[in-house]
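Worksheet: the structure to be examined is printed underneath.
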Amino acid sequence: MSNDPLANKHQAWSALFTEPMSELVKRYTASVGFDQRLWRADIDGSLAHAEMLAAQGVIAKADLADIQRGMAQIVADIEDGRFEWKLDLEDVHLNIEARLTALVGDAGKRLHTGRSRNDQVATDVRLWLRGEIDKIAVLLSDMQRALVELAAQHADTVMPGYTHMQVAQPVSFAHHLLAYVEMFARDAERLVDVRRRTNHLPLGAAALAGTSYPLDRERVARTLGFDGVCQNSLDAVSDRDFALEFSAFAAICMVHVSRLAEEIVLWMSQNFGFIDLADRYCTGSSIMPQKRNPDVAELARGKSGRVVGHLMGLLTLMKGQPLTYNKDNQEDKEPLFDTVDTLADTLRIMAEMVGGIQVKADAMERAALKGYATATDLADYLVKKGLPFRDAHEAVAHAVKVALQRGVDLAELPLAELQALQPKIQADVLQVLTLRGSLHARNVLGGTAPAQVRAQVQRHRTRLPR
Ligand code: ARG
């Protein structure tokens, strides 16, 4: 037997155990296969803890120097892929600690003074997640910028706006794109909020009740860039609501992505033909030679399922747990990791793809001409001529009926015919019935008029500096 106390895991706990763990239990309980991803956060957390222990006189300065030297070696080994992760050592924390002790001896064994894996893992996950949040914030800005820059070119490109998937009123393609920018902007705000609550330090809570060593938790928090210290040790080791919030943010964001992806799929279909995507975002069919499929958009839509699922998984994981730490919490990692990876990849690829959308403005305009999209404009015109809105609405319904019978657009009905339906109609109606007339008329804050949309593009550009 080795005299390294962590060489065999049951020895890592205590001499209390009289038989080794069964292989199946070892495999079932180990997390090192996935939580090794936390290694850098784990080492940063350990170094901050050790520095503080030395400053407080809990360990010797020489121990700190040994720990720092050992950790530097471990970082180099992990970065070079030379570090040997051992299932026997259960998780990332025990693996690194055991290696440290093998490298530097007793100083390594002193690192865990005043600490438990319970506050250690909570700290690691928060630290790691904070780093990922910062990367995702950049990706969210990139996504918004891609949409804003495409929108900047299409304030005058008319497309049908839909409700109930029926042609409703003309809108500009830019206005439609900027709706998604608003959604992603709110997602970005949510993320800022999640970061604020994630960025608190659990370390010092120890196993659950705090510790009898004179720790300086504020100092550790400052070293690690935390905004504050968790104020209740039981809460610090047991709750994972920061992970829940992040997952909720991610699920909402993926639902936004999914809606955009769905529209891209629709627009790219032959029935719409509104856009084309660059070949590099499409795939062919093994049987139908004519096919170019928008797989990337479909996958982005599909992957929203797993992110929403992870939110449900994490909520369920937390739901029945009594205070404080329970091993259940080890199950938070895979869903959280997959949520981060899926969201990051999806934002990256969607932003790229949006940047390469080719717009078929003629097809959009033809589609807008199909569904009597300017009927509301005719009603508004009559109201301005003094008719009560409900009467105007009724008169226009009759006009649409006539146009339908003739198979023509409202703008194509002879003026005399319109006047027969409603004598207040005059020649100036023809401008009102055009798509562009309709677009320009909606010159209210938040409306689709090109002047409004251009102002929004400017606002977003200022808000999203490079
Ligand atoms: N691998 C564990 C986790 O992810 C670390 C904490 C284990 N703590 C314990 N007392 N068993 O949650």
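Chain labels run A, B, ... following the order of the structure tokens; each chain numbers its residues from 1, and ligands are numbered from 1 in the order shown.
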
Can you pull out every residue within 9 Å of A:Val194, counting only C-alpha atoms, but drop anything in the same chain fewer than 6 positions away, and send it as a PyMOL selection string? chain A and resi 133+242-243+245-246+249

Taking only C-alpha atoms and all ligand atoms into account, which residues are within 6 Å of ligand 1, as a list in words?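 Every residue with an atom at most 6 Å from ligand 1 is listed here: Ser31, Asp91, Arg117, Asn118, Val121, Lys327, Asn329 and Gln330 of chain A.
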
For A:Glu352, find every residue with an atom within 12 Å (counting only C-alpha atoms), except residues of its own chain fewer than 3 positions away, and show them as a list in words. Leu139, Asp142, Met143, Gln144, Arg145, Ala146, Leu147, Glu149, Leu150, Leu277, Ala278, Arg280, Tyr281, Val296, Ala297, Asp345, Thr346, Leu347, Arg348, Ile349, Gly355, Gly356 and Ile357 of chain A

Kindly export the residues of the current selection with C-alpha atoms, as a short mmCIF file (atom, residue, chain, number, x, y, z; two decimals), in the first residue's frame.
data_model
loop_
_atom_site.label_atom_id
_atom_site.label_comp_id
_atom_site.auth_asym_id
_atom_site.auth_seq_id
_atom_site.Cartn_x
_atom_site.Cartn_y
_atom_site.Cartn_z
CA LEU A 139 -21.48 35.68 -28.57
CA ASP A 142 -22.13 39.12 -32.07
CA MET A 143 -25.50 37.55 -32.79
CA GLN A 144 -27.27 40.87 -32.32
CA ARG A 145 -24.74 42.70 -34.46
CA ALA A 146 -25.17 40.21 -37.30
CA LEU A 147 -28.93 40.81 -37.23
CA GLU A 149 -26.13 44.77 -39.90
CA LEU A 150 -28.42 42.68 -42.09
CA LEU A 277 -28.43 30.53 -47.48
CA ALA A 278 -24.80 30.08 -48.41
CA ARG A 280 -21.70 26.04 -46.51
CA TYR A 281 -24.70 26.08 -44.18
CA VAL A 296 -27.91 24.17 -39.52
CA ALA A 297 -31.12 26.08 -38.86
CA ASP A 345 -22.05 26.71 -30.59
CA THR A 346 -25.57 27.61 -31.63
CA LEU A 347 -25.06 31.35 -31.17
CA ARG A 348 -21.77 31.20 -33.02
CA ILE A 349 -23.12 29.31 -36.00
CA GLY A 355 -24.45 37.28 -41.80
CA GLY A 356 -24.58 35.32 -45.05
CA ILE A 357 -28.33 35.42 -45.73
#

Go through A:Gln270, A:Gln36, A:Thr339, A:Ser285 one by one, measure the shortest atom-to-atom distance of each to A:Glu90 using only C-alpha atoms, and give the residue with the smallest value.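 Among A:Gln270, A:Gln36, A:Thr339, A:Ser285, it is A:Gln36 that comes nearest to A:Glu90.
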
If you run DSSP on this backbone, which residues of stretch 166-409 of chain A come out as strand (DSSP E or B), and could you give them as a PDB file with C-alpha atoms, in the first residue's frame?
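Writing the result to out-v2.pdb gives the following:
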ATOM      1  CA  GLN A 166     -51.814  34.673 -42.316  1.00  0.00           C
ATOM      2  CA  VAL A 167     -50.650  37.752 -44.198  1.00  0.00           C
ATOM      3  CA  ALA A 168     -51.538  40.654 -41.905  1.00  0.00           C
ATOM      4  CA  GLN A 169     -49.753  43.932 -42.735  1.00  0.00           C
ATOM      5  CA  PRO A 170     -46.648  44.872 -44.675  1.00  0.00           C
ATOM      6  CA  VAL A 171     -43.510  45.220 -42.595  1.00  0.00           C
ATOM      7  CA  SER A 172     -39.904  45.699 -43.561  1.00  0.00           C
ATOM      8  CA  HIS A 200     -20.466  35.078  -4.867  1.00  0.00           C
ATOM      9  CA  LEU A 201     -17.971  32.981  -2.958  1.00  0.00           C
ATOM     10  CA  GLY A 228     -19.163  39.118  -2.489  1.00  0.00           C
ATOM     11  CA  VAL A 229     -19.258  36.215  -0.090  1.00  0.00           C
ATOM     12  CA  ILE A 275     -34.003  34.045 -48.731  1.00  0.00           C
ATOM     13  CA  ASP A 276     -31.162  31.852 -49.739  1.00  0.00           C
ATOM     14  CA  THR A 283     -26.482  19.886 -46.962  1.00  0.00           C
ATOM     15  CA  ASN A 293     -31.446  21.497 -46.895  1.00  0.00           C
ATOM     16  CA  GLN A 358     -29.140  36.455 -49.294  1.00  0.00           C
ATOM     17  CA  VAL A 359     -32.428  38.304 -49.418  1.00  0.00           C
TER      18      VAL A 359
END

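Coordinates place atom CA of A:Asp187 at a distance of 16.8 Å from atom CA of A:Ala300.
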
Can you check which residues of stretch 103-188 of chain A DSSP gives as helix (DSSP H, G or I) on the backbone and send them as a compact mmCIF listing (two decimals) with N, CA and C atoms, in the first residue's frame?
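Once written, out.txt looks like this:
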# COMPACT_ATOMS: atom_id res chain seq x y z
N LEU A 103 3.47 15.41 -5.41
CA LEU A 103 4.55 16.30 -5.87
C LEU A 103 5.26 17.02 -4.74
N VAL A 104 4.49 17.50 -3.73
CA VAL A 104 5.11 18.38 -2.73
C VAL A 104 5.01 17.86 -1.29
N ASP A 106 3.82 17.05 2.41
CA ASP A 106 2.92 17.51 3.48
C ASP A 106 2.18 18.80 3.16
N ALA A 107 2.82 19.72 2.45
CA ALA A 107 2.14 20.98 2.12
C ALA A 107 0.84 20.68 1.36
N GLY A 108 0.89 19.67 0.49
CA GLY A 108 -0.30 19.27 -0.27
C GLY A 108 -1.40 18.80 0.66
N LYS A 109 -0.99 18.10 1.72
CA LYS A 109 -1.98 17.58 2.68
C LYS A 109 -2.58 18.70 3.53
N ARG A 110 -1.89 19.85 3.58
CA ARG A 110 -2.39 20.97 4.39
C ARG A 110 -3.37 21.85 3.62
N ARG A 117 -14.90 19.52 0.25
CA ARG A 117 -15.24 19.47 -1.17
C ARG A 117 -16.59 20.13 -1.43
N ASN A 118 -17.39 20.25 -0.37
CA ASN A 118 -18.72 20.85 -0.57
C ASN A 118 -18.64 22.33 -0.93
N ASP A 119 -17.82 23.08 -0.18
CA ASP A 119 -17.69 24.49 -0.57
C ASP A 119 -16.74 24.63 -1.76
N GLN A 120 -15.84 23.64 -1.90
CA GLN A 120 -14.89 23.67 -3.01
C GLN A 120 -15.62 23.52 -4.35
N VAL A 121 -16.51 22.53 -4.43
CA VAL A 121 -17.17 22.28 -5.72
C VAL A 121 -18.13 23.43 -6.05
N ALA A 122 -18.80 23.96 -5.03
CA ALA A 122 -19.72 25.07 -5.29
C ALA A 122 -18.94 26.28 -5.83
N THR A 123 -17.73 26.49 -5.26
CA THR A 123 -16.88 27.58 -5.73
C THR A 123 -16.42 27.34 -7.16
N ASP A 124 -15.98 26.12 -7.42
CA ASP A 124 -15.47 25.79 -8.75
C ASP A 124 -16.53 26.01 -9.83
N VAL A 125 -17.73 25.53 -9.55
CA VAL A 125 -18.78 25.63 -10.57
C VAL A 125 -19.11 27.10 -10.82
N ARG A 126 -19.17 27.88 -9.76
CA ARG A 126 -19.48 29.31 -9.94
C ARG A 126 -18.37 30.02 -10.73
N LEU A 127 -17.13 29.71 -10.38
CA LEU A 127 -16.00 30.33 -11.08
C LEU A 127 -16.01 29.96 -12.56
N TRP A 128 -16.19 28.69 -12.80
CA TRP A 128 -16.19 28.20 -14.18
C TRP A 128 -17.34 28.84 -14.96
N LEU A 129 -18.52 28.84 -14.34
CA LEU A 129 -19.69 29.35 -15.04
C LEU A 129 -19.52 30.84 -15.33
N ARG A 130 -18.94 31.56 -14.38
CA ARG A 130 -18.72 33.00 -14.61
C ARG A 130 -17.88 33.23 -15.88
N GLY A 131 -16.85 32.42 -16.05
CA GLY A 131 -16.02 32.53 -17.27
C GLY A 131 -16.82 32.26 -18.52
N GLU A 132 -17.69 31.24 -18.46
CA GLU A 132 -18.50 30.88 -19.63
C GLU A 132 -19.54 31.97 -19.90
N ILE A 133 -20.10 32.53 -18.83
CA ILE A 133 -21.07 33.61 -18.99
C ILE A 133 -20.44 34.77 -19.77
N ASP A 134 -19.19 35.08 -19.43
CA ASP A 134 -18.52 36.19 -20.11
C ASP A 134 -18.30 35.90 -21.59
N LYS A 135 -18.03 34.64 -21.91
CA LYS A 135 -17.87 34.29 -23.34
C LYS A 135 -19.20 34.34 -24.06
N ILE A 136 -20.23 33.86 -23.39
CA ILE A 136 -21.55 33.83 -24.03
C ILE A 136 -22.08 35.25 -24.24
N ALA A 137 -21.74 36.15 -23.31
CA ALA A 137 -22.16 37.54 -23.48
C ALA A 137 -21.60 38.12 -24.78
N VAL A 138 -20.37 37.77 -25.09
CA VAL A 138 -19.76 38.25 -26.34
C VAL A 138 -20.49 37.64 -27.54
N LEU A 139 -20.79 36.35 -27.46
CA LEU A 139 -21.48 35.68 -28.57
C LEU A 139 -22.87 36.28 -28.79
N LEU A 140 -23.51 36.63 -27.68
CA LEU A 140 -24.85 37.24 -27.80
C LEU A 140 -24.77 38.61 -28.48
N SER A 141 -23.72 39.36 -28.19
CA SER A 141 -23.52 40.64 -28.86
C SER A 141 -23.25 40.41 -30.35
N ASP A 142 -22.43 39.43 -30.67
CA ASP A 142 -22.13 39.12 -32.07
C ASP A 142 -23.41 38.76 -32.83
N MET A 143 -24.23 37.97 -32.17
CA MET A 143 -25.50 37.55 -32.79
C MET A 143 -26.37 38.78 -33.09
N GLN A 144 -26.46 39.67 -32.11
CA GLN A 144 -27.27 40.87 -32.32
C GLN A 144 -26.69 41.73 -33.43
N ARG A 145 -25.37 41.87 -33.42
CA ARG A 145 -24.74 42.70 -34.46
C ARG A 145 -24.98 42.14 -35.85
N ALA A 146 -24.92 40.83 -35.98
CA ALA A 146 -25.17 40.21 -37.30
C ALA A 146 -26.58 40.56 -37.78
N LEU A 147 -27.53 40.50 -36.87
CA LEU A 147 -28.93 40.81 -37.23
C LEU A 147 -29.07 42.30 -37.57
N VAL A 148 -28.43 43.15 -36.76
CA VAL A 148 -28.54 44.60 -36.97
C VAL A 148 -27.93 44.98 -38.32
N GLU A 149 -26.78 44.39 -38.64
CA GLU A 149 -26.13 44.77 -39.90
C GLU A 149 -26.92 44.28 -41.12
N LEU A 150 -27.55 43.12 -40.99
CA LEU A 150 -28.42 42.68 -42.09
C LEU A 150 -29.63 43.61 -42.18
N ALA A 151 -30.17 43.96 -41.03
CA ALA A 151 -31.33 44.86 -41.00
C ALA A 151 -30.99 46.21 -41.62
N ALA A 152 -29.76 46.67 -41.39
CA ALA A 152 -29.37 48.00 -41.90
C ALA A 152 -29.56 48.11 -43.41
N PHE A 173 -38.33 43.92 -43.83
CA PHE A 173 -37.52 42.78 -43.40
C PHE A 173 -36.63 43.22 -42.23
N ALA A 174 -36.16 44.45 -42.30
CA ALA A 174 -35.33 44.97 -41.21
C ALA A 174 -36.11 44.98 -39.90
N HIS A 175 -37.33 45.43 -39.97
CA HIS A 175 -38.14 45.50 -38.75
C HIS A 175 -38.32 44.12 -38.14
N HIS A 176 -38.55 43.14 -39.02
CA HIS A 176 -38.71 41.76 -38.59
C HIS A 176 -37.42 41.27 -37.90
N LEU A 177 -36.29 41.54 -38.51
CA LEU A 177 -35.01 41.10 -37.91
C LEU A 177 -34.77 41.78 -36.57
N LEU A 178 -35.13 43.06 -36.49
CA LEU A 178 -34.87 43.80 -35.25
C LEU A 178 -35.74 43.30 -34.10
N ALA A 179 -36.83 42.63 -34.42
CA ALA A 179 -37.63 42.01 -33.35
C ALA A 179 -36.77 40.98 -32.62
N TYR A 180 -35.99 40.22 -33.37
CA TYR A 180 -35.10 39.23 -32.73
C TYR A 180 -33.98 39.91 -31.95
N VAL A 181 -33.53 41.06 -32.45
CA VAL A 181 -32.49 41.78 -31.72
C VAL A 181 -33.01 42.17 -30.33
N GLU A 182 -34.28 42.59 -30.28
CA GLU A 182 -34.87 42.93 -28.97
C GLU A 182 -34.85 41.72 -28.05
N MET A 183 -35.22 40.56 -28.62
CA MET A 183 -35.25 39.34 -27.78
C MET A 183 -33.87 39.01 -27.25
N PHE A 184 -32.88 39.07 -28.13
CA PHE A 184 -31.51 38.74 -27.70
C PHE A 184 -30.96 39.80 -26.75
N ALA A 185 -31.40 41.02 -26.91
CA ALA A 185 -30.95 42.08 -25.99
C ALA A 185 -31.48 41.79 -24.58
N ARG A 186 -32.72 41.33 -24.51
CA ARG A 186 -33.26 40.98 -23.18
C ARG A 186 -32.52 39.76 -22.62
N ASP A 187 -32.19 38.81 -23.49
CA ASP A 187 -31.41 37.65 -23.03
C ASP A 187 -30.10 38.12 -22.43
N ALA A 188 -29.47 39.08 -23.10
CA ALA A 188 -28.18 39.59 -22.61
C ALA A 188 -28.35 40.25 -21.24

Using atom CA of A:Ile287 and atom CA of A:Gly305 as the two end points, give the distance in Å to one decimal. 28.0 Å

Mind checking which residues fall within 8 Å of A:Gly204, counting only C-alpha atoms, ignoring those fewer than 2 positions away in the same chain, and posting them as a CSV table (one decimal) with all heavy atoms, in the first residue's frame?
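Contents of around-v9.csv, as written:
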chain,number,residue,atom,x,y,z
A,114,GLY,N,-9.6,23.8,6.6
A,114,GLY,CA,-10.7,24.8,6.7
A,114,GLY,C,-11.5,24.7,5.4
A,114,GLY,O,-12.2,25.7,5.1
A,115,ARG,N,-11.5,23.6,4.7
A,115,ARG,CA,-12.2,23.5,3.5
A,115,ARG,C,-12.8,22.2,3.3
A,115,ARG,O,-12.4,21.2,4.0
A,115,ARG,CB,-11.2,23.8,2.3
A,115,ARG,CG,-11.9,23.8,0.9
A,115,ARG,CD,-10.9,24.1,-0.2
A,115,ARG,NE,-10.1,23.0,-0.5
A,115,ARG,CZ,-9.3,22.9,-1.6
A,115,ARG,NH1,-9.1,23.9,-2.4
A,115,ARG,NH2,-8.6,21.8,-1.8
A,119,ASP,N,-17.8,23.1,-0.2
A,119,ASP,CA,-17.7,24.5,-0.6
A,119,ASP,C,-16.7,24.6,-1.8
A,119,ASP,O,-16.8,25.6,-2.5
A,119,ASP,CB,-17.3,25.4,0.6
A,119,ASP,CG,-16.0,25.0,1.3
A,119,ASP,OD1,-15.5,23.9,1.1
A,119,ASP,OD2,-15.5,25.8,2.1
A,202,PRO,N,-18.6,30.8,-2.2
A,202,PRO,CA,-19.1,29.8,-1.1
A,202,PRO,C,-17.9,29.4,-0.2
A,202,PRO,O,-18.2,29.1,1.0
A,202,PRO,CB,-19.5,28.6,-2.0
A,202,PRO,CG,-19.6,29.0,-3.4
A,202,PRO,CD,-18.7,30.1,-3.5
A,206,ALA,N,-17.1,25.6,4.3
A,206,ALA,CA,-16.5,24.3,4.6
A,206,ALA,C,-17.6,23.2,4.3
A,206,ALA,O,-18.3,23.3,3.4
A,206,ALA,CB,-16.0,24.2,6.0
A,210,GLY,N,-19.5,26.2,8.3
A,210,GLY,CA,-18.4,27.2,8.5
A,210,GLY,C,-17.3,26.4,9.1
A,210,GLY,O,-17.3,25.2,9.2
A,211,THR,N,-16.2,27.1,9.6
A,211,THR,CA,-15.1,26.5,10.0
A,211,THR,C,-14.5,27.2,11.3
A,211,THR,O,-14.8,28.4,11.5
A,211,THR,CB,-14.0,26.4,8.9
A,211,THR,OG1,-12.8,25.9,9.5
A,211,THR,CG2,-13.7,27.8,8.4
A,215,LEU,N,-10.5,32.1,8.9
A,215,LEU,CA,-10.4,32.3,7.5
A,215,LEU,C,-10.8,33.8,7.2
A,215,LEU,O,-11.6,34.4,7.9
A,215,LEU,CB,-11.3,31.4,6.7
A,215,LEU,CG,-11.2,29.9,6.9
A,215,LEU,CD1,-12.0,29.2,5.8
A,215,LEU,CD2,-9.7,29.5,6.7
A,217,ARG,N,-12.5,35.3,4.4
A,217,ARG,CA,-13.3,34.9,3.2
A,217,ARG,C,-13.3,36.1,2.2
A,217,ARG,O,-13.3,35.9,1.0
A,217,ARG,CB,-14.7,34.5,3.6
A,217,ARG,CG,-14.8,33.3,4.5
A,217,ARG,CD,-16.2,32.8,4.7
A,217,ARG,NE,-16.9,32.4,3.5
A,217,ARG,CZ,-18.2,32.5,3.3
A,217,ARG,NH1,-19.0,32.9,4.2
A,217,ARG,NH2,-18.6,32.0,2.1
A,233,SER,N,-23.6,29.6,5.4
A,233,SER,CA,-22.8,28.5,5.0
A,233,SER,C,-23.6,27.3,4.5
A,233,SER,O,-23.2,26.6,3.6
A,233,SER,CB,-21.9,28.0,6.2
A,233,SER,OG,-22.7,27.6,7.2

Closest-contact table, stretch 89-160 of chain A side, partner stretch 425-435 of chain A, 10 Å, counting only C-alpha atoms, as CSV:
residue,atom,partner,partner_atom,distance
A:Val158,CA,A:Leu435,CA,7.2
A:Met159,CA,A:Leu435,CA,9.0
A:Pro160,CA,A:Leu435,CA,9.4

Top pick for closest residue to A:Leu439, considering A:Met288, A:Lys370, A:Asp156, A:Asp295 and counting only C-alpha atoms: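 Using only C-alpha atoms, A:Leu439 sits closest to A:Asp156.
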
Mind checking which residues fall within 12 Å of stretch 417-420 of chain A, counting only C-alpha atoms, ignoring those fewer than 4 positions away in the same chain, and posting them as an MDAnalysis selection string? chainID A and resid 378 382 395:403 406 410:413 424:430 433

Selection to disk with C-alpha atoms, as a compact mmCIF listing (two decimals), in the first residue's frame:
# COMPACT_ATOMS: atom_id res chain seq x y z
CA LEU A 378 -57.81 51.56 -46.16
CA LEU A 382 -61.65 56.13 -44.01
CA ALA A 395 -66.65 48.91 -45.57
CA VAL A 396 -63.17 47.51 -46.16
CA ALA A 397 -64.36 43.95 -45.54
CA HIS A 398 -66.79 44.50 -48.43
CA ALA A 399 -63.99 45.87 -50.61
CA VAL A 400 -61.82 42.83 -49.84
CA LYS A 401 -64.73 40.56 -50.72
CA VAL A 402 -65.12 42.24 -54.11
CA ALA A 403 -61.38 42.09 -54.74
CA ARG A 406 -62.21 39.47 -58.96
CA LEU A 410 -57.25 46.14 -53.31
CA ALA A 411 -54.98 48.58 -55.15
CA GLU A 412 -56.14 47.07 -58.44
CA LEU A 413 -59.85 47.76 -57.90
CA LYS A 424 -65.71 59.08 -48.98
CA ILE A 425 -62.97 57.34 -50.95
CA GLN A 426 -61.04 59.68 -53.26
CA ALA A 427 -58.10 59.44 -55.65
CA ASP A 428 -55.58 59.91 -52.85
CA VAL A 429 -56.48 56.40 -51.66
CA LEU A 430 -54.20 54.82 -54.24
CA LEU A 433 -53.07 51.12 -50.74
